[in-house]
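One file, input-v8.cif, is given below (mmCIF, C-alpha atoms and all ligand atoms).
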data_upload
#
loop_
_atom_site.label_atom_id
_atom_site.label_comp_id
_atom_site.auth_asym_id
_atom_site.auth_seq_id
_atom_site.Cartn_x
_atom_site.Cartn_y
_atom_site.Cartn_z
CA MET A 1 6.17 -15.06 -34.23
CA THR A 2 4.59 -11.90 -32.87
CA ARG A 3 2.15 -12.57 -30.06
CA HIS A 4 -0.62 -10.12 -29.24
CA GLU A 5 -2.94 -10.45 -26.28
CA ILE A 6 -5.69 -8.19 -24.97
CA ILE A 7 -6.63 -8.49 -21.28
CA THR A 8 -9.78 -6.85 -19.92
CA GLY A 9 -10.56 -5.76 -16.36
CA HIS A 10 -10.17 -2.62 -14.26
CA VAL A 11 -6.75 -1.64 -15.60
CA LEU A 12 -4.99 0.58 -13.06
CA SER A 13 -2.73 3.09 -14.73
CA PHE A 14 -0.91 5.69 -12.64
CA THR A 15 -0.39 8.90 -14.56
CA GLU A 16 0.80 10.89 -11.54
CA ASP A 17 2.35 10.32 -8.13
CA PRO A 18 -0.65 9.87 -5.77
CA PHE A 19 1.29 11.67 -3.03
CA GLY A 20 1.58 14.75 -5.24
CA ILE A 21 -2.10 15.33 -6.09
CA ALA A 22 -5.53 14.13 -4.91
CA PRO A 23 -4.86 10.35 -4.81
CA ALA A 24 -7.86 9.27 -6.89
CA ALA A 25 -6.85 11.74 -9.63
CA SER A 26 -3.46 10.06 -10.02
CA VAL A 27 -5.03 7.08 -11.79
CA THR A 28 -6.54 6.69 -15.23
CA TRP A 29 -8.80 3.64 -15.51
CA HIS A 30 -8.91 1.61 -18.71
CA GLU A 31 -11.10 -1.23 -19.85
CA ALA A 32 -8.27 -3.25 -21.40
CA LEU A 33 -4.59 -3.44 -22.21
CA LEU A 34 -2.72 -4.81 -25.20
CA ILE A 35 0.50 -6.78 -24.89
CA ARG A 36 2.88 -7.58 -27.73
CA ASP A 37 5.83 -9.92 -27.14
CA GLY A 38 6.01 -9.20 -23.42
CA THR A 39 5.61 -5.42 -23.63
CA ILE A 40 2.50 -3.35 -22.95
CA ILE A 41 1.81 -1.46 -26.16
CA ALA A 42 -1.53 0.18 -25.47
CA THR A 43 -4.27 0.74 -22.92
CA GLY A 44 -7.81 1.82 -23.76
CA ASP A 45 -11.26 0.53 -24.48
CA LEU A 46 -11.72 -2.95 -25.83
CA ASP A 47 -13.09 -1.98 -29.24
CA THR A 48 -10.19 0.35 -29.98
CA LEU A 49 -7.60 -2.24 -28.97
CA ARG A 50 -9.33 -4.91 -31.06
CA GLN A 51 -9.14 -2.65 -34.08
CA GLN A 52 -5.48 -2.00 -33.34
CA ALA A 53 -4.68 -5.74 -33.09
CA PRO A 54 -7.41 -7.77 -34.80
CA GLY A 55 -5.54 -11.08 -34.38
CA ALA A 56 -4.91 -10.67 -30.64
CA THR A 57 -6.05 -13.37 -28.24
CA LEU A 58 -8.55 -12.08 -25.68
CA THR A 59 -8.42 -12.85 -21.96
CA ARG A 60 -11.32 -11.52 -19.93
CA HIS A 61 -10.87 -10.63 -16.28
CA ASP A 62 -13.87 -8.33 -16.14
CA GLY A 63 -14.52 -7.06 -12.60
CA CYS A 64 -10.95 -7.87 -11.51
CA LEU A 65 -8.23 -5.32 -10.78
CA ILE A 66 -5.27 -5.44 -13.17
CA CYS A 67 -2.15 -3.99 -11.55
CA PRO A 68 1.55 -4.01 -12.21
CA GLY A 69 3.11 -7.06 -10.51
CA PHE A 70 3.96 -6.24 -6.90
CA ILE A 71 7.51 -5.11 -6.15
CA ASP A 72 8.95 -6.07 -2.77
CA ALA A 73 11.89 -3.75 -2.22
CA HIS A 74 13.59 -5.50 0.73
CA VAL A 75 13.55 -9.23 1.49
CA HIS A 76 15.80 -11.95 2.82
CA TYR A 77 14.96 -15.02 0.75
CA PRO A 78 17.19 -17.27 2.96
CA GLN A 79 14.92 -16.53 5.94
CA THR A 80 11.89 -18.18 4.32
CA ALA A 81 11.99 -21.18 6.66
CA ILE A 82 12.31 -19.12 9.86
CA ILE A 83 9.48 -16.67 9.24
CA ALA A 84 7.24 -16.26 12.31
CA SER A 85 9.88 -17.24 14.88
CA TRP A 86 8.71 -16.28 18.33
CA GLY A 87 9.75 -13.92 21.04
CA ALA A 88 12.88 -12.00 20.13
CA ARG A 89 13.99 -8.49 19.28
CA LEU A 90 16.42 -7.74 16.48
CA ILE A 91 19.87 -8.67 17.80
CA ASP A 92 18.60 -11.69 19.68
CA TRP A 93 16.42 -12.71 16.71
CA LEU A 94 19.46 -12.60 14.41
CA GLU A 95 21.51 -14.78 16.74
CA ARG A 96 18.80 -17.22 17.73
CA TYR A 97 17.03 -17.82 14.42
CA THR A 98 18.62 -16.04 11.46
CA PHE A 99 22.32 -16.82 11.61
CA PRO A 100 21.86 -20.58 12.18
CA GLU A 101 19.50 -20.73 9.20
CA GLU A 102 21.78 -18.67 6.97
CA MET A 103 24.67 -21.08 7.74
CA ARG A 104 22.80 -23.80 5.87
CA PHE A 105 23.14 -21.91 2.57
CA ALA A 106 26.78 -22.94 2.19
CA ASP A 107 25.25 -26.09 0.69
CA PRO A 108 24.33 -25.29 -2.94
CA ALA A 109 21.56 -27.92 -2.97
CA HIS A 110 19.94 -26.36 0.09
CA ALA A 111 20.25 -22.89 -1.44
CA ALA A 112 18.74 -24.01 -4.76
CA ALA A 113 15.76 -25.67 -3.08
CA ALA A 114 15.20 -22.63 -0.86
CA ALA A 115 15.31 -20.21 -3.80
CA ASP A 116 12.77 -22.30 -5.72
CA ARG A 117 10.49 -22.46 -2.69
CA TYR A 118 10.84 -18.72 -2.14
CA PHE A 119 9.83 -17.79 -5.68
CA ASP A 120 6.92 -20.25 -5.58
CA LEU A 121 5.65 -18.39 -2.53
CA THR A 122 6.18 -14.84 -3.71
CA LEU A 123 4.77 -15.43 -7.18
CA ALA A 124 1.71 -17.11 -5.65
CA HIS A 125 1.21 -13.84 -3.77
CA GLY A 126 1.48 -11.68 -6.89
CA THR A 127 5.02 -10.40 -6.37
CA THR A 128 7.00 -10.28 -9.60
CA THR A 129 10.15 -8.41 -8.51
CA VAL A 130 12.11 -8.47 -5.26
CA SER A 131 15.36 -7.01 -4.00
CA SER A 132 16.84 -9.70 -1.77
CA PHE A 133 19.65 -10.07 0.68
CA CYS A 134 21.30 -13.48 0.18
CA THR A 135 23.69 -14.96 2.76
CA SER A 136 27.43 -14.37 3.00
CA ASN A 137 28.00 -17.53 0.99
CA THR A 138 28.15 -17.04 -2.77
CA ALA A 139 26.18 -20.27 -3.34
CA SER A 140 23.11 -18.45 -2.02
CA VAL A 141 23.50 -15.74 -4.66
CA GLU A 142 23.99 -18.27 -7.45
CA ALA A 143 20.81 -20.03 -6.33
CA PHE A 144 18.79 -16.81 -6.23
CA PHE A 145 19.80 -15.55 -9.67
CA THR A 146 19.50 -19.00 -11.26
CA ALA A 147 15.94 -19.40 -9.97
CA ALA A 148 14.95 -15.83 -10.92
CA ARG A 149 16.39 -16.21 -14.41
CA ALA A 150 14.62 -19.53 -14.99
CA ARG A 151 11.34 -17.75 -14.27
CA GLY A 152 12.19 -14.75 -16.45
CA LEU A 153 11.98 -12.31 -13.53
CA ARG A 154 13.33 -8.81 -13.14
CA ALA A 155 15.11 -9.33 -9.84
CA ALA A 156 17.82 -7.79 -7.69
CA ALA A 157 20.03 -9.33 -5.02
CA GLY A 158 23.48 -9.40 -3.50
CA LYS A 159 25.82 -11.36 -1.29
CA THR A 160 25.35 -10.24 2.31
CA CYS A 161 28.72 -9.03 3.55
CA MET A 162 29.73 -9.29 7.21
CA ASP A 163 33.11 -9.74 8.81
CA ARG A 164 32.37 -9.36 12.53
CA ASN A 165 29.70 -9.85 15.21
CA ALA A 166 28.38 -12.95 13.47
CA PRO A 167 29.29 -16.67 13.73
CA PRO A 168 32.68 -17.47 12.16
CA GLY A 169 30.97 -19.70 9.59
CA LEU A 170 29.13 -16.66 8.22
CA CYS A 171 31.98 -14.15 8.32
CA ASP A 172 33.91 -13.09 5.25
CA THR A 173 36.70 -10.47 5.24
CA ALA A 174 37.00 -7.00 3.74
CA GLN A 175 39.00 -8.44 0.85
CA SER A 176 36.84 -11.52 0.19
CA ALA A 177 33.65 -9.44 0.41
CA TYR A 178 35.08 -7.16 -2.27
CA ASP A 179 36.38 -9.99 -4.46
CA ASP A 180 33.30 -12.21 -4.19
CA SER A 181 30.91 -9.32 -4.79
CA ALA A 182 32.97 -8.12 -7.78
CA ALA A 183 32.93 -11.63 -9.27
CA LEU A 184 29.17 -11.86 -8.80
CA ILE A 185 28.68 -8.47 -10.46
CA ALA A 186 30.68 -9.69 -13.44
CA ARG A 187 28.68 -12.89 -13.59
CA TRP A 188 25.12 -11.64 -13.01
CA HIS A 189 24.68 -7.86 -13.23
CA GLY A 190 22.72 -7.01 -16.38
CA VAL A 191 22.21 -10.64 -17.38
CA ASP A 192 18.67 -10.88 -18.75
CA ARG A 193 16.53 -8.95 -16.26
CA LEU A 194 18.85 -9.36 -13.24
CA CYS A 195 20.70 -6.71 -11.32
CA TYR A 196 23.30 -6.92 -8.61
CA VAL A 197 22.98 -5.07 -5.31
CA ILE A 198 26.05 -4.40 -3.17
CA THR A 199 24.92 -5.62 0.24
CA PRO A 200 26.65 -4.88 3.55
CA ARG A 201 24.25 -6.43 6.11
CA PHE A 202 24.38 -3.44 8.50
CA ALA A 203 27.03 -1.37 10.22
CA PRO A 204 27.38 -3.63 13.32
CA THR A 205 28.43 -6.67 11.27
CA SER A 206 31.02 -4.91 9.10
CA SER A 207 34.42 -3.57 10.11
CA ALA A 208 35.42 -0.11 8.93
CA ASP A 209 37.73 -1.83 6.44
CA GLN A 210 34.89 -3.85 4.98
CA LEU A 211 32.59 -0.84 4.65
CA ALA A 212 35.43 1.06 2.94
CA ALA A 213 36.01 -1.86 0.56
CA LEU A 214 32.32 -1.99 -0.37
CA GLY A 215 32.23 1.79 -0.82
CA ALA A 216 35.15 1.43 -3.25
CA LEU A 217 33.38 -1.40 -5.05
CA TRP A 218 30.26 0.74 -5.46
CA ALA A 219 32.37 3.62 -6.80
CA ASN A 220 33.71 1.20 -9.42
CA HIS A 221 30.18 -0.03 -10.26
CA PRO A 222 27.98 3.03 -9.80
CA ASP A 223 25.12 1.50 -11.79
CA CYS A 224 24.62 -1.16 -9.09
CA LEU A 225 22.21 -0.55 -6.25
CA MET A 226 23.43 -0.71 -2.63
CA GLN A 227 21.17 -2.09 0.10
CA THR A 228 21.56 -2.29 3.87
CA HIS A 229 19.70 -1.63 7.13
CA LEU A 230 19.44 1.69 8.96
CA SER A 231 18.05 2.68 12.38
CA GLU A 232 15.66 -0.21 12.83
CA GLN A 233 15.83 -0.55 16.63
CA ILE A 234 16.95 1.72 19.45
CA GLU A 235 19.41 -0.88 20.86
CA GLU A 236 20.96 -1.28 17.40
CA ILE A 237 21.50 2.49 17.11
CA ALA A 238 23.24 2.55 20.51
CA TRP A 239 25.45 -0.36 19.40
CA VAL A 240 26.45 1.48 16.20
CA ALA A 241 27.38 4.54 18.29
CA GLU A 242 29.68 2.33 20.42
CA LEU A 243 31.24 0.62 17.42
CA PHE A 244 31.80 3.84 15.44
CA PRO A 245 32.40 6.50 18.11
CA LYS A 246 33.57 9.12 15.61
CA ALA A 247 30.41 8.98 13.50
CA ARG A 248 27.88 11.79 13.90
CA ASP A 249 25.03 9.28 13.69
CA TYR A 250 24.15 5.92 12.10
CA LEU A 251 23.79 7.26 8.55
CA ASP A 252 27.15 9.02 8.88
CA VAL A 253 28.83 5.60 9.20
CA TYR A 254 27.59 4.66 5.75
CA GLU A 255 28.33 8.07 4.27
CA THR A 256 31.90 8.07 5.62
CA PHE A 257 32.61 4.91 3.67
CA GLY A 258 30.97 5.98 0.40
CA LEU A 259 27.74 4.07 1.01
CA LEU A 260 25.22 6.88 0.52
CA GLY A 261 23.74 7.98 -2.80
CA ASP A 262 20.60 7.96 -4.88
CA ARG A 263 20.96 4.25 -5.65
CA ALA A 264 21.13 3.37 -1.92
CA LEU A 265 18.26 1.46 -0.31
CA PHE A 266 17.95 1.72 3.46
CA GLY A 267 15.68 -0.86 5.06
CA HIS A 268 13.51 0.33 7.98
CA ALA A 269 15.00 3.82 8.69
CA ILE A 270 12.51 4.29 11.52
CA HIS A 271 14.37 6.26 14.18
CA LEU A 272 16.06 9.03 12.20
CA THR A 273 17.60 12.23 13.52
CA ALA A 274 16.75 15.48 11.74
CA ARG A 275 20.25 15.49 10.23
CA GLU A 276 19.88 11.96 8.89
CA ALA A 277 16.47 12.74 7.41
CA SER A 278 17.77 15.80 5.62
CA ARG A 279 20.88 13.98 4.27
CA LEU A 280 18.66 11.16 2.99
CA SER A 281 16.35 13.51 1.14
CA GLU A 282 19.26 15.59 -0.20
CA THR A 283 20.98 12.54 -1.65
CA GLY A 284 17.79 10.89 -2.98
CA ALA A 285 18.46 7.59 -1.22
CA ALA A 286 15.41 5.36 -0.73
CA LEU A 287 13.85 4.46 2.61
CA ILE A 288 12.25 1.03 2.50
CA HIS A 289 9.19 0.75 4.71
CA CYS A 290 8.82 -2.76 6.16
CA PRO A 291 5.61 -2.49 8.22
CA THR A 292 4.93 -6.12 9.18
CA SER A 293 8.54 -6.56 10.23
CA ASN A 294 8.58 -3.34 12.21
CA SER A 295 5.65 -4.61 14.28
CA PHE A 296 6.75 -8.24 14.44
CA ILE A 297 10.28 -7.59 15.72
CA GLY A 298 9.02 -4.69 17.82
CA SER A 299 11.10 -2.06 16.04
CA GLY A 300 8.78 0.93 15.98
CA LEU A 301 6.47 3.03 13.84
CA PHE A 302 7.74 4.40 10.52
CA ASP A 303 6.21 7.88 10.25
CA ILE A 304 5.35 7.85 6.56
CA GLY A 305 3.54 11.20 6.60
CA ARG A 306 6.60 12.92 7.99
CA ARG A 307 8.95 11.22 5.56
CA LEU A 308 6.75 12.09 2.60
CA ALA A 309 6.63 15.71 3.73
CA GLU A 310 10.45 15.68 3.71
CA GLY A 311 10.35 14.49 0.09
CA GLN A 312 11.94 11.10 0.77
CA ARG A 313 11.93 8.39 -1.87
CA ILE A 314 9.99 5.51 -0.26
CA GLY A 315 9.59 1.84 -1.22
CA LEU A 316 7.49 -0.86 0.42
CA ALA A 317 8.66 -4.30 1.49
CA THR A 318 7.84 -7.45 3.42
CA ASP A 319 11.35 -7.89 4.92
CA THR A 320 10.63 -11.63 5.10
CA GLY A 321 11.55 -13.45 7.40
CA GLY A 322 11.66 -10.52 9.88
CA GLY A 323 8.36 -9.58 8.28
CA SER A 324 5.49 -11.92 8.95
CA SER A 325 3.99 -12.34 5.46
CA PHE A 326 5.03 -12.92 1.85
CA SER A 327 2.00 -10.94 0.70
CA MET A 328 2.29 -7.36 -0.50
CA LEU A 329 -1.48 -7.09 0.12
CA ARG A 330 -0.88 -7.88 3.79
CA THR A 331 2.05 -5.47 3.71
CA MET A 332 -0.13 -2.67 2.29
CA ALA A 333 -2.65 -3.41 5.06
CA ALA A 334 0.09 -3.13 7.67
CA ALA A 335 1.29 0.13 6.10
CA TYR A 336 -2.26 1.42 6.35
CA GLU A 337 -2.49 0.39 10.02
CA ILE A 338 0.84 1.97 10.93
CA GLY A 339 -0.19 5.06 8.97
CA GLN A 340 -3.29 5.25 11.15
CA LEU A 341 -1.12 5.05 14.28
CA THR A 342 1.09 7.89 13.04
CA GLY A 343 -1.71 10.15 11.78
CA THR A 344 -1.71 9.41 8.03
CA ALA A 345 -4.64 7.53 6.47
CA LEU A 346 -3.10 6.22 3.26
CA HIS A 347 -5.53 6.12 0.33
CA PRO A 348 -5.82 2.79 -1.56
CA ALA A 349 -4.21 4.48 -4.59
CA GLN A 350 -1.24 5.45 -2.41
CA LEU A 351 -0.93 1.92 -0.99
CA LEU A 352 -1.03 0.34 -4.45
CA TRP A 353 1.45 2.91 -5.74
CA LEU A 354 3.91 2.13 -2.93
CA ALA A 355 3.72 -1.60 -3.77
CA THR A 356 4.28 -1.01 -7.49
CA ALA A 357 5.51 2.29 -8.97
CA GLY A 358 6.92 3.52 -5.65
CA SER A 359 9.05 0.44 -5.07
CA ALA A 360 10.05 0.44 -8.75
CA ARG A 361 11.23 4.04 -8.42
CA ALA A 362 13.16 3.17 -5.24
CA LEU A 363 14.91 0.37 -7.17
CA HIS A 364 15.53 2.66 -10.19
CA MET A 365 13.44 0.33 -12.32
CA GLY A 366 10.55 2.72 -12.84
CA ASP A 367 11.22 3.02 -16.56
CA ARG A 368 10.61 -0.73 -17.02
CA ILE A 369 8.18 -1.99 -14.38
CA GLY A 370 5.71 -0.77 -11.78
CA THR A 371 3.30 1.06 -14.09
CA ILE A 372 0.84 -0.04 -16.75
CA ALA A 373 1.68 2.15 -19.72
CA PRO A 374 2.84 1.70 -23.30
CA GLY A 375 6.47 0.58 -23.45
CA MET A 376 6.54 -0.99 -20.01
CA GLU A 377 7.35 -4.65 -19.44
CA ALA A 378 4.16 -6.68 -18.98
CA ASP A 379 4.67 -7.97 -15.43
CA LEU A 380 1.09 -7.98 -14.19
CA VAL A 381 -1.07 -9.26 -11.38
CA VAL A 382 -4.82 -9.71 -11.70
CA LEU A 383 -6.73 -9.48 -8.42
CA ASP A 384 -10.13 -11.01 -7.74
CA LEU A 385 -11.84 -8.32 -5.63
CA ALA A 386 -14.24 -10.80 -4.00
CA SER A 387 -11.88 -13.71 -3.27
CA THR A 388 -13.25 -14.84 0.10
CA PRO A 389 -16.74 -14.79 1.61
CA ALA A 390 -15.81 -11.95 3.97
CA ILE A 391 -14.28 -9.82 1.22
CA ALA A 392 -17.17 -10.59 -1.15
CA THR A 393 -19.69 -9.49 1.48
CA ARG A 394 -17.93 -6.19 2.00
CA HIS A 395 -17.29 -5.76 -1.73
CA ALA A 396 -21.02 -6.04 -2.41
CA ARG A 397 -21.51 -2.82 -0.42
CA ALA A 398 -18.83 -0.88 -2.27
CA ASP A 399 -19.96 2.42 -3.71
CA ASP A 400 -16.97 3.25 -5.90
CA ILE A 401 -13.88 1.57 -7.32
CA TRP A 402 -11.66 2.47 -4.36
CA ASP A 403 -14.21 1.13 -1.91
CA ALA A 404 -14.33 -2.02 -4.04
CA ILE A 405 -10.54 -2.43 -3.84
CA PHE A 406 -9.85 -1.54 -0.21
CA PRO A 407 -11.30 -4.74 1.37
CA THR A 408 -8.91 -6.79 -0.77
CA ILE A 409 -5.98 -4.65 0.33
CA MET A 410 -6.96 -5.06 3.98
CA MET A 411 -8.08 -8.71 3.98
CA GLY A 412 -6.74 -10.27 0.77
CA ASP A 413 -4.07 -12.93 0.44
CA ASP A 414 -2.89 -15.38 -2.23
CA ARG A 415 -6.49 -16.43 -2.88
CA ALA A 416 -7.02 -13.02 -4.51
CA ILE A 417 -4.41 -13.71 -7.21
CA ARG A 418 -6.45 -14.64 -10.28
CA ASP A 419 -3.69 -14.39 -12.90
CA LEU A 420 -0.04 -13.39 -13.04
CA ARG A 421 2.12 -12.45 -16.01
CA ILE A 422 5.88 -12.22 -16.37
CA MET A 423 6.69 -10.33 -19.57
CA GLY A 424 3.16 -11.17 -20.68
CA GLN A 425 3.56 -14.89 -20.10
CA PRO A 426 1.82 -17.02 -17.51
CA LEU A 427 4.20 -18.45 -14.97
CA ARG A 428 7.12 -20.66 -15.98
CA THR A 429 8.53 -22.81 -13.19
CA GLY A 430 12.22 -23.19 -12.57
N1 LIG B 1 19.40 -6.02 10.47
C1 LIG B 1 20.48 -6.73 10.12
N2 LIG B 1 20.16 -7.91 9.57
C2 LIG B 1 18.82 -7.97 9.57
C3 LIG B 1 17.88 -8.94 9.11
O1 LIG B 1 18.22 -10.01 8.61
N3 LIG B 1 16.57 -8.61 9.28
C4 LIG B 1 16.16 -7.44 9.82
N4 LIG B 1 14.86 -7.20 9.94
N5 LIG B 1 17.03 -6.53 10.26
C5 LIG B 1 18.33 -6.78 10.13
ZN ZN B 2 16.16 -6.73 6.22
#
Please express the file's structure as structure tokens.
Ligand code: GUN
Ligand code: ZN
Amino acid sequence: MTRHEIITGHVLSFTEDPFGIAPAASVTWHEALLIRDGTIIATGDLDTLRQQAPGATLTRHDGCLICPGFIDAHVHYPQTAIIASWGARLIDWLERYTFPEEMRFADPAHAAAAADRYFDLTLAHGTTTVSSFCTSNTASVEAFFTAARARGLRAAAGKTCMDRNAPPGLCDTAQSAYDDSAALIARWHGVDRLCYVITPRFAPTSSADQLAALGALWANHPDCLMQTHLSEQIEEIAWVAELFPKARDYLDVYETFGLLGDRALFGHAIHLTAREASRLSETGAALIHCPTSNSFIGSGLFDIGRRLAEGQRIGLATDTGGGSSFSMLRTMAAAYEIGQLTGTALHPAQLLWLATAGSARALHMGDRIGTIAPGMEADLVVLDLASTPAIATRHARADDIWDAIFPTIMMGDDRAIRDLRIMGQPLRTG
């Protein structure tokens, strides 16, 4: 049976890239949208849509902001239980908190419970798509995709590959990383709305042989994404230079082994040389900005204005559990704050774009999700713009739509999530 639904509110529809023109001019506002069988088929005023679909059910969210579901372009779902762990920088943080936790995912029951918990949290915060690192154990990948599929999500993930500089219980080999990843691609890539991401953790935890094996795997599956970490902390960069003395720089390690291309996603990418920045923009790889993580682990300030001027493809992400929040609202606020510290005041349209269309473009999913337009999948989040007393007080003083939205970006959390749709449907649980 065909199902039509009209939803009213401030429907945010990007018609342009807000970094290419005056940000406010990048958006067309609509009074309502029309969904048929999980797909957005029209936007416009309520009367017109009612004439177009007289039998449609009507859901009114007048005064609320209707956005594409948030897209978190870099997360570690297995780190959910160690978020907000105190007092360490990256390498120490990995050894002290992350690796012990990731060991627990060899147990399929633990992995399944963690994946369910993770999606409960992210969906409660309005995030409908993530690209996640799993652990080196394949059970963690099974758990992720099973939970995402049960909820009908468009989701991306991969087995984290590492064969050195990690506890033996977490290490694979070049061959097993290739074989296990290939088997997971065969099993999950393209199933329903799922996509597989080839996932070397980062250069220090992979041998040259393993990076070469994963480069070969990617060459055999060029439609997969590839995700890893790049130039997050100064100590890490020095370590990479010791481990790969022939490389020109950190990015060169990945490029040497076939791990650079327009479907590559590089988390953090804070401390780039001029050569790295120009190779990244030439190849069209995406830089994933993880602002709460970059502050929390003490990594540094991602200079978004500079990267935009270079024409980089940029996505936005929580990087949980290195990041300190599951909320893409909090993450937009942190991106705004770090923008202020680096001389770029991001407009609310730009922040919302990064968390939706920008991340979708980074993940090469921009033709399906991340924008409210006819033909797009109806993954939506509806935001109450006066969800707490403090936000409501500020909202009452707003003098235009952007001023009405910005307090929710800066101070909002899961209490702002009024409604959420996955392919037009309210949430299913796993
Ligand atoms: N670099 C390598 N692994 C990780 C990780 O799990 N989190 C972060 N933030 N950086 C990393
Ligand atoms: Zn990460």
Set out as a Markdown table a contact list for chain A and ligand ZN 2 (chain B) with a cut-off of 8 Å, giving each residue of chain A that qualifies its closest atom pair and distance in Å to one decimal, counting all atoms listed in the file, ordered by chain and rising residue number.
| residue | atom | partner | partner_atom | distance |
| --- | --- | --- | --- | --- |
| A:His74 | CA | B:ZN2 | ZN | 6.2 |
| A:Val75 | CA | B:ZN2 | ZN | 6.0 |
| A:His76 | CA | B:ZN2 | ZN | 6.2 |
| A:Phe133 | CA | B:ZN2 | ZN | 7.4 |
| A:Thr228 | CA | B:ZN2 | ZN | 7.4 |
| A:His229 | CA | B:ZN2 | ZN | 6.3 |
| A:Gly267 | CA | B:ZN2 | ZN | 6.0 |
| A:His268 | CA | B:ZN2 | ZN | 7.7 |
| A:Asp319 | CA | B:ZN2 | ZN | 5.1 |
| A:Thr320 | CA | B:ZN2 | ZN | 7.5 |
| A:Gly322 | CA | B:ZN2 | ZN | 6.9 |
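CA of Ala56 (chain A) to CA of Glu5 (chain A) spans 4.8 Å [interatomic distance, one decimal].
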To one decimal place, how far is CA of Glu255 (chain A) from CA of Thr129 (chain A) in Å?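 CA of Glu255 (chain A) sits 27.7 Å away from CA of Thr129 (chain A).
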Counting all atoms listed in the file, which residues in region 169-280 of chain A sit no more than 8 Å from region 361-385 of chain A? For each one, give the nearest pair of atoms and the distance in Å, sorted by chain then residue number, as CSV.
residue,atom,partner,partner_atom,distance
A:Leu225,CA,A:Leu363,CA,7.4
A:Arg263,CA,A:His364,CA,7.3
A:Leu265,CA,A:Ala362,CA,7.3
Here is a test: counting all atoms listed in the file, which residue of A:Ala404, A:Cys290, A:Ala124, A:Ala335 is nearest to ligand LIG 1 (chain B)?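 Looking at the shortest contact to ligand LIG 1 (chain B), the residue is A:Cys290.
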A:Ala111, A:Leu211, A:Leu170, A:Ile21: which is nearest Val141 (chain A), counting all atoms listed in the file?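 Looking at the shortest contact to Val141 (chain A), the residue is A:Ala111.
Each of A:Ala114, A:Leu346, A:Ile409, A:Met162 was compared to ligand LIG 1 (chain B) using all atoms listed in the file, and A:Met162 turns out to be the nearest.
Distances here use only C-alpha atoms; by that measure, the residue among A:Ser359, A:Thr273, A:Gln350, A:Thr393 closest to Ala73 (chain A) is A:Ser359.
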Please complete region 96-107 of chain A with N, CA and C atoms and give it back as a PDB file, in the coordinates of the input.
ATOM      1  N   ARG A  96      19.536 -16.007  17.393  1.00  0.00           N
ATOM      2  CA  ARG A  96      18.800 -17.220  17.730  1.00  0.00           C
ATOM      3  C   ARG A  96      18.255 -17.943  16.496  1.00  0.00           C
ATOM      4  N   TYR A  97      17.736 -17.193  15.564  1.00  0.00           N
ATOM      5  CA  TYR A  97      17.030 -17.820  14.420  1.00  0.00           C
ATOM      6  C   TYR A  97      17.741 -17.632  13.079  1.00  0.00           C
ATOM      7  N   THR A  98      18.197 -16.391  12.825  1.00  0.00           N
ATOM      8  CA  THR A  98      18.620 -16.040  11.460  1.00  0.00           C
ATOM      9  C   THR A  98      19.981 -16.615  11.103  1.00  0.00           C
ATOM     10  N   PHE A  99      20.966 -16.368  11.962  1.00  0.00           N
ATOM     11  CA  PHE A  99      22.320 -16.820  11.610  1.00  0.00           C
ATOM     12  C   PHE A  99      22.386 -18.339  11.468  1.00  0.00           C
ATOM     13  N   PRO A 100      21.796 -19.119  12.386  1.00  0.00           N
ATOM     14  CA  PRO A 100      21.860 -20.580  12.180  1.00  0.00           C
ATOM     15  C   PRO A 100      21.239 -21.001  10.844  1.00  0.00           C
ATOM     16  N   GLU A 101      20.140 -20.371  10.476  1.00  0.00           N
ATOM     17  CA  GLU A 101      19.500 -20.730   9.200  1.00  0.00           C
ATOM     18  C   GLU A 101      20.391 -20.332   8.021  1.00  0.00           C
ATOM     19  N   GLU A 102      20.965 -19.136   8.099  1.00  0.00           N
ATOM     20  CA  GLU A 102      21.780 -18.670   6.970  1.00  0.00           C
ATOM     21  C   GLU A 102      23.022 -19.538   6.770  1.00  0.00           C
ATOM     22  N   MET A 103      23.513 -20.167   7.859  1.00  0.00           N
ATOM     23  CA  MET A 103      24.670 -21.080   7.740  1.00  0.00           C
ATOM     24  C   MET A 103      24.381 -22.217   6.760  1.00  0.00           C
ATOM     25  N   ARG A 104      23.142 -22.621   6.689  1.00  0.00           N
ATOM     26  CA  ARG A 104      22.800 -23.800   5.870  1.00  0.00           C
ATOM     27  C   ARG A 104      22.960 -23.531   4.377  1.00  0.00           C
ATOM     28  N   PHE A 105      23.080 -22.245   4.003  1.00  0.00           N
ATOM     29  CA  PHE A 105      23.140 -21.910   2.570  1.00  0.00           C
ATOM     30  C   PHE A 105      24.531 -22.067   1.971  1.00  0.00           C
ATOM     31  N   ALA A 106      25.489 -22.564   2.781  1.00  0.00           N
ATOM     32  CA  ALA A 106      26.780 -22.940   2.190  1.00  0.00           C
ATOM     33  C   ALA A 106      26.597 -24.151   1.276  1.00  0.00           C
ATOM     34  N   ASP A 107      25.540 -24.903   1.508  1.00  0.00           N
ATOM     35  CA  ASP A 107      25.250 -26.090   0.690  1.00  0.00           C
ATOM     36  C   ASP A 107      24.447 -25.658  -0.546  1.00  0.00           C
TER      37      ASP A 107
END
